[in-house]
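Visitor: What follows is query_34.csv, made up of CSV, C-alpha atoms:
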```
chain,number,residue,atom,x,y,z
A,1,MET,CA,102.8,78.4,89.6
A,2,GLU,CA,100.2,80.9,90.9
A,3,SER,CA,97.6,78.1,91.6
A,4,THR,CA,100.1,76.1,93.6
A,5,GLN,CA,101.1,79.1,95.6
A,6,SER,CA,97.4,80.0,96.3
A,7,ARG,CA,96.9,76.7,98.1
A,8,ARG,CA,100.1,76.9,100.1
A,9,SER,CA,100.3,78.0,103.7
A,10,VAL,CA,103.2,78.4,106.2
A,11,THR,CA,102.9,78.1,110.0
A,12,VAL,CA,105.5,79.6,112.3
A,13,ARG,CA,105.7,79.3,116.1
A,14,ALA,CA,107.4,82.1,118.1
A,15,PRO,CA,107.8,82.2,121.9
A,16,GLY,CA,106.9,84.7,124.6
A,17,LYS,CA,109.6,85.9,127.0
A,18,VAL,CA,110.3,86.9,130.6
A,19,ASN,CA,112.6,89.7,131.5
A,20,VAL,CA,114.9,88.1,134.0
A,21,PHE,CA,116.7,91.4,134.5
A,22,PHE,CA,115.7,94.9,133.4
A,23,ARG,CA,117.6,98.1,134.0
A,24,VAL,CA,116.2,101.4,132.8
A,25,GLY,CA,118.4,104.4,132.0
A,26,ALA,CA,117.4,108.1,131.9
A,27,LEU,CA,114.7,109.4,129.5
A,28,GLN,CA,116.5,110.3,126.2
A,29,HIS,CA,115.8,113.3,123.9
A,30,ASP,CA,113.9,111.1,121.5
A,31,GLY,CA,111.4,110.1,124.1
A,32,TYR,CA,112.8,106.6,124.7
A,33,HIS,CA,114.8,105.1,127.5
A,34,SER,CA,118.0,103.2,127.1
A,35,VAL,CA,117.6,99.8,128.7
A,36,ALA,CA,119.7,96.7,129.6
A,37,SER,CA,117.7,93.5,129.7
A,38,LEU,CA,118.3,89.8,130.0
A,39,TYR,CA,115.5,88.1,128.1
A,40,GLN,CA,114.7,84.5,128.3
A,41,ALA,CA,112.3,82.9,125.7
A,42,VAL,CA,109.8,80.5,127.4
A,43,SER,CA,107.6,77.7,126.3
A,44,LEU,CA,104.4,79.7,125.7
A,45,TYR,CA,104.1,80.1,121.9
A,46,GLU,CA,102.1,82.1,119.4
A,47,GLU,CA,101.3,80.2,116.2
A,48,VAL,CA,100.9,82.2,113.0
A,49,THR,CA,99.6,80.6,109.8
A,50,ALA,CA,100.1,82.7,106.6
A,51,VAL,CA,98.3,82.1,103.3
A,52,PRO,CA,98.5,84.2,100.1
A,53,ALA,CA,95.8,86.9,99.7
A,54,GLU,CA,95.3,90.1,97.8
A,55,GLY,CA,95.4,92.3,100.8
A,56,PHE,CA,96.3,92.0,104.5
A,57,SER,CA,94.1,90.5,107.2
A,58,VAL,CA,94.4,88.9,110.6
A,59,ARG,CA,92.2,86.8,112.8
A,60,PHE,CA,92.8,85.3,116.2
A,61,SER,CA,91.9,82.2,118.1
A,62,GLY,CA,93.2,80.2,121.1
A,63,PRO,CA,92.7,80.2,124.9
A,64,ILE,CA,93.5,83.9,125.3
A,65,ASP,CA,90.7,86.5,125.1
A,66,THR,CA,91.6,88.5,121.9
A,67,SER,CA,88.4,90.6,121.7
A,68,ALA,CA,90.4,93.8,122.5
A,69,LEU,CA,93.0,93.3,119.9
A,70,PRO,CA,92.9,95.4,116.7
A,71,THR,CA,92.6,93.6,113.4
A,72,ASP,CA,93.2,96.6,111.1
A,73,ASP,CA,96.4,98.1,109.8
A,74,SER,CA,97.5,99.1,113.3
A,75,ASN,CA,98.0,95.4,114.3
A,76,LEU,CA,101.7,94.6,114.7
A,77,ALA,CA,101.5,91.4,112.7
A,78,ILE,CA,99.9,93.2,109.7
A,79,ARG,CA,102.5,95.9,110.0
A,80,ALA,CA,105.2,93.3,109.9
A,81,ALA,CA,103.8,91.8,106.7
A,82,ALA,CA,103.3,95.2,105.1
A,83,LEU,CA,106.9,96.2,106.0
A,84,LEU,CA,108.3,93.0,104.4
A,85,GLN,CA,106.2,93.6,101.3
A,86,GLU,CA,107.5,97.2,101.1
A,87,GLN,CA,111.1,96.3,101.6
A,88,THR,CA,111.2,93.4,99.1
A,89,GLY,CA,108.8,94.7,96.4
A,90,HIS,CA,106.5,91.6,96.7
A,91,THR,CA,103.2,92.3,95.1
A,92,GLY,CA,100.9,89.9,96.9
A,93,GLY,CA,99.3,90.1,100.4
A,94,VAL,CA,98.7,87.6,103.1
A,95,ALA,CA,95.9,86.4,105.4
A,96,LEU,CA,97.1,85.6,108.9
A,97,SER,CA,95.6,83.3,111.4
A,98,ILE,CA,97.1,83.5,114.9
A,99,VAL,CA,96.6,81.1,117.7
A,100,LYS,CA,97.4,83.0,120.9
A,101,HIS,CA,98.9,81.4,124.0
A,102,VAL,CA,100.9,84.3,125.4
A,103,PRO,CA,98.9,86.6,127.7
A,104,ILE,CA,98.0,90.0,126.2
A,105,ALA,CA,99.3,93.3,127.8
A,106,GLY,CA,101.3,91.1,130.3
A,107,GLY,CA,104.8,92.2,129.5
A,108,MET,CA,105.6,88.8,127.9
A,109,GLY,CA,106.0,90.0,124.3
A,110,GLY,CA,103.0,88.2,122.7
A,111,GLY,CA,102.5,90.9,120.1
A,112,SER,CA,106.2,90.9,119.3
A,113,ALA,CA,106.1,87.1,118.9
A,114,ASP,CA,103.2,87.6,116.4
A,115,ALA,CA,105.3,90.1,114.4
A,116,ALA,CA,108.4,87.9,114.4
A,117,ALA,CA,106.4,84.8,113.4
A,118,THR,CA,104.7,86.8,110.6
A,119,LEU,CA,108.0,88.1,109.2
A,120,LEU,CA,109.4,84.5,109.0
A,121,ALA,CA,106.2,83.1,107.7
A,122,CYS,CA,105.8,85.7,104.9
A,123,ASP,CA,109.5,85.4,104.0
A,124,GLU,CA,109.0,81.7,103.5
A,125,LEU,CA,105.5,82.0,101.8
A,126,TRP,CA,106.5,84.7,99.4
A,127,GLY,CA,110.0,83.4,98.7
A,128,THR,CA,111.5,86.8,99.5
A,129,GLY,CA,114.7,85.1,100.7
A,130,LEU,CA,115.8,87.4,103.5
A,131,GLY,CA,116.2,84.7,106.1
A,132,ARG,CA,116.5,85.2,109.8
A,133,THR,CA,119.5,87.5,109.5
A,134,GLY,CA,118.0,89.7,106.8
A,135,LEU,CA,114.7,89.9,108.8
A,136,LEU,CA,116.4,91.2,112.0
A,137,PRO,CA,116.7,94.9,110.9
A,138,LEU,CA,113.0,94.8,109.9
A,139,ALA,CA,112.1,93.3,113.3
A,140,ALA,CA,114.0,96.1,115.1
A,141,GLN,CA,111.8,98.7,113.2
A,142,LEU,CA,108.7,97.1,114.5
A,143,GLY,CA,109.5,97.1,118.2
A,144,ALA,CA,112.3,96.5,120.8
A,145,ASP,CA,111.1,92.9,121.6
A,146,VAL,CA,110.6,91.7,118.0
A,147,PRO,CA,114.2,90.8,117.3
A,148,PHE,CA,114.4,88.7,120.4
A,149,ALA,CA,111.2,86.8,119.5
A,150,LEU,CA,112.9,86.0,116.2
A,151,GLU,CA,116.1,84.8,117.9
A,152,GLY,CA,114.9,83.3,121.2
A,153,GLY,CA,117.1,81.6,123.7
A,154,THR,CA,118.7,83.9,126.4
A,155,ALA,CA,120.0,87.2,125.3
A,156,VAL,CA,121.2,90.6,126.5
A,157,GLY,CA,119.2,93.5,125.0
A,158,THR,CA,120.7,97.0,125.0
A,159,GLY,CA,119.9,100.3,123.4
A,160,ARG,CA,116.1,100.3,123.3
A,161,GLY,CA,116.3,96.5,124.0
A,162,ASP,CA,116.7,95.6,120.4
A,163,GLU,CA,120.5,95.4,120.2
A,164,LEU,CA,120.9,91.7,121.0
A,165,SER,CA,123.9,89.6,122.1
A,166,HIS,CA,123.5,86.0,123.0
A,167,ALA,CA,124.0,84.9,126.6
A,168,LEU,CA,125.2,81.4,127.4
A,169,ALA,CA,122.6,79.6,129.4
A,170,LYS,CA,123.0,76.1,130.8
A,171,GLY,CA,120.1,73.7,131.7
A,172,THR,CA,116.4,74.5,132.0
A,173,PHE,CA,114.8,77.1,134.3
A,174,HIS,CA,111.3,76.5,135.6
A,175,TRP,CA,108.8,79.5,135.7
A,176,VAL,CA,105.3,80.0,137.1
A,177,LEU,CA,103.7,83.0,135.5
A,178,ALA,CA,101.0,84.7,137.5
A,179,LEU,CA,98.5,86.6,135.4
A,180,PRO,CA,96.6,89.3,137.3
A,181,ASP,CA,93.4,90.4,135.6
A,182,ALA,CA,94.3,94.1,135.0
A,183,GLY,CA,96.6,94.9,132.1
A,184,LEU,CA,99.2,97.6,132.4
A,185,SER,CA,100.2,100.0,129.6
A,186,THR,CA,103.9,100.0,129.0
A,187,PRO,CA,104.1,103.8,128.4
A,188,THR,CA,102.1,104.4,131.6
A,189,VAL,CA,104.6,102.3,133.6
A,190,TYR,CA,107.6,104.1,132.2
A,191,SER,CA,105.9,107.5,132.9
A,192,ALA,CA,105.3,106.4,136.5
A,193,LEU,CA,109.0,105.4,136.8
A,194,ASP,CA,110.1,108.8,135.5
A,195,ARG,CA,107.8,110.7,137.9
A,196,HIS,CA,109.0,108.5,140.8
A,197,ARG,CA,112.6,109.3,139.9
A,198,ASP,CA,111.9,113.1,139.6
A,199,GLU,CA,110.2,113.1,143.0
A,200,HIS,CA,113.0,111.1,144.8
A,201,PRO,CA,116.2,112.1,142.9
A,202,ALA,CA,118.5,111.3,145.8
A,203,GLU,CA,117.3,107.7,146.2
A,204,LEU,CA,116.2,106.9,142.6
A,205,ALA,CA,118.6,108.5,140.2
A,206,PRO,CA,118.8,106.7,136.9
A,207,PRO,CA,121.8,104.3,136.6
A,208,PRO,CA,124.9,105.7,134.8
A,209,GLU,CA,125.1,105.3,131.0
A,210,PRO,CA,125.6,102.9,129.3
A,211,VAL,CA,123.2,100.8,131.4
A,212,LYS,CA,124.3,97.2,131.8
A,213,VAL,CA,123.1,93.8,132.8
A,214,ASP,CA,124.7,92.9,136.2
A,215,THR,CA,127.5,90.3,136.0
A,216,ALA,CA,125.8,88.2,138.7
A,217,VAL,CA,122.7,87.5,136.6
A,218,LEU,CA,124.8,86.5,133.6
A,219,GLN,CA,126.9,84.1,135.7
A,220,ALA,CA,123.7,82.5,137.2
A,221,VAL,CA,122.2,81.6,133.8
A,222,ARG,CA,125.6,80.5,132.5
A,223,MET,CA,125.9,78.1,135.5
A,224,GLY,CA,122.2,77.0,135.2
A,225,ASP,CA,121.8,77.8,138.9
A,226,PRO,CA,118.2,78.8,139.8
A,227,LYS,CA,119.1,79.9,143.3
A,228,SER,CA,121.8,82.2,142.1
A,229,LEU,CA,119.5,83.6,139.4
A,230,ALA,CA,116.8,84.2,142.1
A,231,ASN,CA,119.2,86.3,144.0
A,232,ALA,CA,120.3,88.3,140.9
A,233,MET,CA,116.9,89.0,139.2
A,234,HIS,CA,115.9,92.7,139.1
A,235,ASN,CA,113.5,95.0,137.3
A,236,ASP,CA,113.6,98.8,137.6
A,237,LEU,CA,110.0,99.0,136.4
A,238,GLN,CA,108.7,96.8,139.2
A,239,ALA,CA,108.2,99.6,141.7
A,240,ALA,CA,106.2,101.7,139.2
A,241,ALA,CA,104.1,98.7,138.2
A,242,VAL,CA,103.3,97.8,141.8
A,243,LYS,CA,102.4,101.4,142.5
A,244,LEU,CA,99.9,101.3,139.5
A,245,ALA,CA,98.6,97.8,140.4
A,246,PRO,CA,99.1,97.3,144.2
A,247,ASN,CA,97.6,93.8,144.1
A,248,LEU,CA,100.9,92.7,142.4
A,249,LEU,CA,102.6,92.9,145.7
A,250,GLU,CA,100.2,90.5,147.3
A,251,VAL,CA,100.7,88.0,144.5
A,252,MET,CA,104.5,88.3,144.8
A,253,GLU,CA,104.3,87.8,148.6
A,254,LEU,CA,102.1,84.8,148.2
A,255,GLY,CA,104.3,83.1,145.7
A,256,GLU,CA,107.5,83.7,147.6
A,257,GLN,CA,105.9,82.5,150.9
A,258,ARG,CA,104.7,79.3,149.2
A,259,GLY,CA,107.9,78.0,147.5
A,260,ALA,CA,109.1,80.3,144.8
A,261,LEU,CA,112.8,81.0,144.9
A,262,ALA,CA,111.9,84.6,143.8
A,263,GLY,CA,109.3,86.5,142.0
A,264,ILE,CA,109.7,89.5,139.6
A,265,VAL,CA,107.3,91.6,137.5
A,266,SER,CA,108.2,90.7,133.9
A,267,GLY,CA,108.9,93.8,131.9
A,268,SER,CA,106.2,96.5,132.4
A,269,GLY,CA,103.9,93.9,133.9
A,270,PRO,CA,101.5,92.9,135.1
A,271,THR,CA,102.7,89.3,134.7
A,272,VAL,CA,104.7,88.1,137.7
A,273,ALA,CA,107.3,85.6,136.9
A,274,PHE,CA,108.2,83.2,139.7
A,275,LEU,CA,111.3,81.1,139.5
A,276,ALA,CA,110.9,77.6,140.8
A,277,GLN,CA,113.5,75.0,141.8
A,278,ASP,CA,112.2,72.3,139.5
A,279,THR,CA,109.1,70.9,137.7
A,280,GLN,CA,107.4,69.6,140.9
A,281,SER,CA,107.9,72.9,142.8
A,282,ALA,CA,106.5,74.8,139.8
A,283,ALA,CA,103.4,72.6,139.7
A,284,GLU,CA,102.8,73.0,143.4
A,285,LEU,CA,103.1,76.8,143.3
A,286,GLN,CA,100.7,76.9,140.4
A,287,ARG,CA,98.1,75.0,142.5
A,288,VAL,CA,98.6,77.4,145.3
A,289,LEU,CA,98.0,80.4,143.0
A,290,THR,CA,95.0,78.8,141.5
A,291,ARG,CA,93.4,78.1,144.9
A,292,ALA,CA,94.0,81.8,145.7
A,293,GLY,CA,92.1,82.8,142.5
A,294,VAL,CA,95.2,83.9,140.5
A,295,ARG,CA,95.4,82.7,136.9
A,296,SER,CA,98.8,81.1,136.3
A,297,LEU,CA,100.7,79.1,133.8
A,298,THR,CA,103.9,77.1,134.0
A,299,ALA,CA,106.7,77.4,131.4
A,300,THR,CA,110.3,76.5,130.9
A,301,GLY,CA,113.2,78.4,129.3
A,302,PRO,CA,115.2,79.0,127.4
A,303,VAL,CA,113.6,77.8,124.1
A,304,PRO,CA,114.4,78.7,120.5
A,305,GLY,CA,113.0,81.7,118.7
A,306,ALA,CA,110.6,81.8,115.7
A,307,ARG,CA,110.6,78.5,113.8
A,308,VAL,CA,108.7,77.2,110.7
A,309,ILE,CA,106.7,74.2,111.9
A,310,GLU,CA,104.7,73.6,108.8
A,311,ALA,CA,105.1,74.6,105.1
```
What is this structure when it is put down as structure tokens?
Guide:
Amino acid sequence: MESTQSRRSVTVRAPGKVNVFFRVGALQHDGYHSVASLYQAVSLYEEVTAVPAEGFSVRFSGPIDTSALPTDDSNLAIRAAALLQEQTGHTGGVALSIVKHVPIAGGMGGGSADAAATLLACDELWGTGLGRTGLLPLAAQLGADVPFALEGGTAVGTGRGDELSHALAKGTFHWVLALPDAGLSTPTVYSALDRHRDEHPAELAPPPEPVKVDTAVLQAVRMGDPKSLANAMHNDLQAAAVKLAPNLLEVMELGEQRGALAGIVSGSGPTVAFLAQDTQSAAELQRVLTRAGVRSLTATGPVPGARVIEA
């Protein structure tokens, strides 16, 4: 049995995401903010292959520059595997190989997708039998975006963003993702938002608790109507991200002048997600951004969450 298992591998694919809507509540006593987000999983995927090993290791490949990513115990994928081992009492380890396609430090949840894919891959590889439902509480311990990467589709996230409820979404939405060179630290963006609110309390008071996703954005995805969604998209972190990286404003203006229905900073940025009318409009906008020297990708959503693709 051991020799069979030692040759086995499991590969899982998990998607990145865009935050179609993001509302940020006041800073809580525990140092976190309550949020209300509408997530949409998009067709940029991380692929995690897990093979049995004595300890834990991770290596990266793919079109994304991964030289800055940690490969020690602080890596989120290794933390995911170690957490599953701890919770189930499994005695073996795992060697992880990750092919990255989701931009790093771009607000698109690539690290969270790695963690979600690792949980599912190790559960399958080790035969620990938790399944997707049993893995969700572990995913929530690892980070607010990890449960969504496990579930995928379109969902409302509340609390810290990890309390998920599925949102009905009709049809396919077409995204062009502009990738400015500078990364933005999520804690830094949140701190900038808090400072901004402290300095301008009359104009920028936090929304009342509990924070909610606007009805208009839920109706737009339910109807599958990109124009309605373009009008309803919103991100409370956008002003702070733009203040820290002013070039984002130029990128957004370029995209909206050249055919995007709307642009929004995704999560804490710096990725700018442009919503396009259709496949052709998305391709044309990507060409415009490329000519302007802005790296960009096209993607569609919603797509499913983490899935075993080879075992």
Visitor: Using only C-alpha atoms, which of the listed residues (A:Thr49, A:Ser268, A:Thr128, A:Ser296) sits closest to Thr88 in chain A?
Guide: A:Thr128
Visitor: Taking (116.2, 99.2, 120.2) in the coordinates of the supplied file, I want to know which residues reach to within 9 Å of it, counting only C-alpha atoms; could you give the answer as a PyMOL selection string?
Guide: chain A and resi 34-35+140-141+143-145+157-164
Visitor: Using all atoms listed in the file, which protein or nucleic acid residues come within 12 Å of Gly131 in chain A? Drop anything in the same chain fewer than 3 positions from it, and give the result as a VMD selection string.
Guide: chain A and resid 84 116 119 to 128 134 to 139 150 to 151 306 to 308
Visitor: Interatomic distance between CA of Gln40 in chain A and CA of Val24 in chain A?
Guide: 17.6 Å
Visitor: Have a look at CA of Ala155 in chain A and CA of Ala117 in chain A and let me know their distance in Å, one decimal.
Guide: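 One can read the CA of Ala155 in chain A to CA of Ala117 in chain A distance as 18.2 Å.
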Visitor: Could you please give me, as JSON, numbers by chain, the residues of protein, DNA or RNA lying at most 12 Å from (125.3, 101.8, 131.9) in the coordinate frame of the file, considering only C-alpha atoms?
Guide: {"A": [22, 23, 24, 25, 26, 33, 34, 35, 36, 37, 158, 159, 206, 207, 208, 209, 210, 211, 212, 213, 214]}
Visitor: When you count all atoms listed in the file, which of these residues is closest to Val217 in chain A: A:Leu38, A:Phe274, A:Ser191, A:Val58?
Guide: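 Result for the nearest residue to Val217 in chain A: A:Leu38.
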Visitor: I'd like the neighbourhood of Ala80 in chain A as an mmCIF file with C-alpha atoms, keeping the file's coordinate frame, where a residue qualifies if any of its atoms comes within 7 Å (using only C-alpha atoms), though same-chain residues fewer than 6 positions away should be ignored.
Guide:
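Output below, filename out_21.cif:
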```cif
data_model
loop_
_atom_site.group_PDB
_atom_site.id
_atom_site.type_symbol
_atom_site.label_atom_id
_atom_site.label_comp_id
_atom_site.auth_asym_id
_atom_site.auth_seq_id
_atom_site.Cartn_x
_atom_site.Cartn_y
_atom_site.Cartn_z
ATOM 1 C CA ALA A 115 105.300 90.100 114.400
ATOM 2 C CA THR A 118 104.700 86.800 110.600
ATOM 3 C CA LEU A 119 108.000 88.100 109.200
ATOM 4 C CA LEU A 142 108.700 97.100 114.500
#
```
